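Containing CSV, C-alpha atoms: coords.csv.
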chain,number,residue,atom,x,y,z
A,1,MET,CA,130.3,105.4,100.8
A,2,LYS,CA,133.7,106.3,99.6
A,3,ASN,CA,132.7,105.8,95.9
A,4,ILE,CA,129.7,108.1,96.4
A,5,LEU,CA,131.9,110.8,98.0
A,6,ASP,CA,134.5,110.4,95.2
A,7,ALA,CA,131.9,110.8,92.6
A,8,LEU,CA,130.4,113.8,94.3
A,9,LEU,CA,133.9,115.4,94.6
A,10,ALA,CA,134.6,114.7,90.9
A,11,VAL,CA,131.3,116.3,89.8
A,12,MET,CA,131.9,119.3,92.1
A,13,GLY,CA,135.4,119.6,90.6
A,14,LEU,CA,134.0,119.8,87.1
A,15,LEU,CA,131.3,122.3,88.0
A,16,ILE,CA,133.3,124.8,90.1
A,17,PRO,CA,135.3,126.4,87.2
A,18,ARG,CA,132.1,126.7,85.1
A,19,LEU,CA,130.1,128.4,87.9
A,20,LYS,CA,132.7,130.9,89.1
A,21,LYS,CA,132.2,134.5,88.1
A,22,GLU,CA,135.1,136.4,86.6
A,23,ASP,CA,134.2,139.5,88.5
A,24,SER,CA,134.6,138.1,92.0
A,25,VAL,CA,136.4,140.7,94.0
A,26,SER,CA,137.3,139.1,97.2
A,27,GLY,CA,137.8,135.4,96.6
A,28,ILE,CA,137.3,132.9,99.5
A,29,LYS,CA,140.8,132.3,100.8
A,30,GLU,CA,140.1,133.4,104.4
A,31,THR,CA,136.8,131.6,104.5
A,32,LYS,CA,138.3,128.4,103.3
A,33,GLU,CA,141.1,128.7,105.9
A,34,ALA,CA,138.5,129.2,108.7
A,35,LEU,CA,136.4,126.3,107.4
A,36,VAL,CA,139.5,124.0,107.4
A,37,ALA,CA,140.4,125.0,110.9
A,38,LEU,CA,136.8,124.5,112.1
A,39,ASN,CA,136.8,121.0,110.5
A,40,GLU,CA,140.2,120.1,112.0
A,41,VAL,CA,139.1,121.1,115.5
A,42,SER,CA,135.7,119.3,115.0
A,43,VAL,CA,137.3,116.1,113.9
A,44,PHE,CA,139.8,116.3,116.8
A,45,CYS,CA,136.9,116.9,119.3
A,46,ALA,CA,134.9,114.0,117.8
A,47,TYR,CA,137.7,111.6,118.7
A,48,GLN,CA,138.4,113.3,122.0
A,49,PHE,CA,134.9,113.5,123.3
A,50,LYS,CA,134.1,109.8,122.9
A,51,ASN,CA,133.7,109.4,126.7
A,52,GLY,CA,131.9,112.7,127.1
A,53,VAL,CA,133.4,116.1,127.5
A,54,GLN,CA,136.1,116.3,130.1
A,55,ALA,CA,138.3,119.2,131.2
A,56,ALA,CA,141.3,117.2,130.0
A,57,ASP,CA,139.9,117.3,126.5
A,58,PHE,CA,140.5,121.0,126.3
A,59,SER,CA,144.1,120.6,127.5
A,60,ALA,CA,144.5,117.9,124.9
A,61,LEU,CA,143.3,120.3,122.2
A,62,TYR,CA,145.8,122.9,123.4
A,63,SER,CA,148.6,120.3,123.4
A,64,GLU,CA,147.7,119.2,119.9
A,65,ILE,CA,147.9,122.8,118.7
A,66,ILE,CA,151.3,123.2,120.3
A,67,ALA,CA,152.8,119.8,119.4
A,68,ASN,CA,151.4,119.4,115.9
A,69,PRO,CA,153.0,122.0,113.5
A,70,ASP,CA,150.4,121.2,110.7
A,71,PHE,CA,147.5,121.6,113.1
A,72,LYS,CA,149.0,124.8,114.5
A,73,ALA,CA,149.6,126.2,111.0
A,74,LYS,CA,145.9,125.6,110.1
A,75,MET,CA,144.8,127.4,113.3
A,76,LEU,CA,147.1,130.4,112.7
A,77,ALA,CA,146.0,130.6,109.0
A,78,ALA,CA,142.4,130.7,110.1
A,79,TYR,CA,143.1,133.5,112.6
A,80,GLU,CA,145.1,135.6,110.3
A,81,ASN,CA,142.8,138.0,108.4
A,82,TYR,CA,139.6,136.4,109.8
A,83,ASN,CA,138.1,139.9,109.6
A,84,LEU,CA,137.9,139.6,105.8
A,85,ILE,CA,135.5,136.6,106.0
A,86,PRO,CA,132.3,138.8,106.0
A,87,VAL,CA,133.5,140.6,102.9
A,88,GLU,CA,134.2,137.3,101.1
A,89,ILE,CA,130.8,135.9,102.1
A,90,LYS,CA,129.1,139.1,100.8
A,91,ASP,CA,130.9,138.7,97.4
A,92,LEU,CA,130.3,134.9,97.2
A,93,ASP,CA,129.2,133.5,93.9
A,94,LEU,CA,127.7,130.0,93.1
A,95,GLY,CA,131.1,128.6,92.1
A,96,GLU,CA,132.7,129.8,95.3
A,97,GLY,CA,129.8,128.4,97.3
A,98,LEU,CA,130.3,125.1,95.6
A,99,GLU,CA,134.0,125.2,96.3
A,100,LEU,CA,133.2,125.7,100.1
A,101,ALA,CA,130.7,122.8,99.9
A,102,LYS,CA,133.4,120.6,98.2
A,103,LEU,CA,135.8,121.4,101.0
A,104,GLN,CA,133.2,120.3,103.5
A,105,VAL,CA,132.5,117.1,101.7
A,106,GLU,CA,136.3,116.3,101.8
A,107,TYR,CA,135.9,116.0,105.6
A,108,VAL,CA,133.0,113.6,105.6
A,109,GLU,CA,135.1,110.4,105.7
A,110,GLN,CA,137.1,111.8,108.6
A,111,PHE,CA,134.0,112.6,110.6
A,112,ILE,CA,132.5,109.2,109.9
A,113,GLU,CA,135.7,107.5,111.0
A,114,ALA,CA,135.9,109.7,114.2
A,115,PHE,CA,132.3,108.9,115.2
A,116,GLN,CA,132.7,105.2,114.5
A,117,LYS,CA,135.7,105.0,116.8
A,118,ALA,CA,134.0,107.1,119.4
Could you quickly redo this structure as structure tokens?
Amino acid sequence: MKNILDALLAVMGLLIPRLKKEDSVSGIKETKEALVALNEVSVFCAYQFKNGVQAADFSALYSEIIANPDFKAKMLAAYENYNLIPVEIKDLDLGEGLELAKLQVEYVEQFIEAFQKA
């Protein structure tokens, strides 16, 4: 599975620069930050919810945000300027869409690992 994901990421990495439009006005910075935060929370929840959803799981998420500076930084980055996401999505080109898909593919291994341990 790792080889397949690595090959897919390599192909996407080659295609993205060729498919990006030069006239993209907005970019996808805020959308990528939101996608990273969503994935980080989702992976955390996949590990945390292995025994079903409990009230303690939500306090564990809050504790993770407070105690882990990297996790907290990703959450804050996603919240900052989140209102620009609709503008970025409206201006999305094929290369940027592929860049978002690549970002999602980069999380596949973490999700598989989380669900296997759950």
Worksheet item: Rounded to one decimal in Å, what is the spacing between CA of Lys2 in chain A and CA of Ile65 in chain A?
Response: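 Between CA of Lys2 in chain A and CA of Ile65 in chain A the gap works out to 29.0 Å.
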Item to complete: Figure out the distance between CA of Ile89 in chain A and CA of Tyr62 in chain A, please, to one decimal in Å.
Response: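 These atoms are spaced 29.1 Å apart.
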Discussion item. What does the structure give for the distance between CA of Val11 in chain A and CA of Leu84 in chain A, in Å to one decimal?
Written reply: 29.0 Å
Worksheet, complete the sentence: Counting all atoms listed in the file, closest pick from A:Cys45, A:Ala55, A:Ala60, A:Ile66 relative to Phe115 in chain A is A:Cys45
Item to complete: Name the residues in contact with range 26-29 of chain A at a cut-off of 12 Å, using all atoms listed in the file, excluding same-chain residues fewer than 2 positions from it; report them as a ChimeraX atom specification.
Response: /A:20-24,31-36,77-78,80-100,103
Worksheet entry | From A:Ile16, A:Leu9, A:Val25, A:Ala46, residue lying nearest Gln110 in chain A [all atoms listed in the file] |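 Ranking A:Ile16, A:Leu9, A:Val25, A:Ala46 by distance to Gln110 in chain A, first place goes to A:Ala46.
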Discussion item. My list of candidates is A:Val53, A:Ala37, A:Val43, A:Ala114. Which is closest to Leu76 in chain A when distances are computed with all atoms listed in the file?
Written reply: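 Of all the options, A:Ala37 lies closest to Leu76 in chain A.
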Any idea what's packed within 12 Å of Ile112 in chain A, counting all atoms listed in the file, ignoring anything in its chain fewer than 5 positions away? Could you give it as an mmCIF file with C-alpha atoms, in the frame of the given file?
data_model
loop_
_atom_site.group_PDB
_atom_site.id
_atom_site.type_symbol
_atom_site.label_atom_id
_atom_site.label_comp_id
_atom_site.auth_asym_id
_atom_site.auth_seq_id
_atom_site.Cartn_x
_atom_site.Cartn_y
_atom_site.Cartn_z
ATOM 1 C CA MET A 1 130.300 105.400 100.800
ATOM 2 C CA LYS A 2 133.700 106.300 99.600
ATOM 3 C CA SER A 42 135.700 119.300 115.000
ATOM 4 C CA VAL A 43 137.300 116.100 113.900
ATOM 5 C CA ALA A 46 134.900 114.000 117.800
ATOM 6 C CA TYR A 47 137.700 111.600 118.700
ATOM 7 C CA VAL A 105 132.500 117.100 101.700
ATOM 8 C CA GLU A 106 136.300 116.300 101.800
ATOM 9 C CA TYR A 107 135.900 116.000 105.600
ATOM 10 C CA LYS A 117 135.700 105.000 116.800
ATOM 11 C CA ALA A 118 134.000 107.100 119.400
#
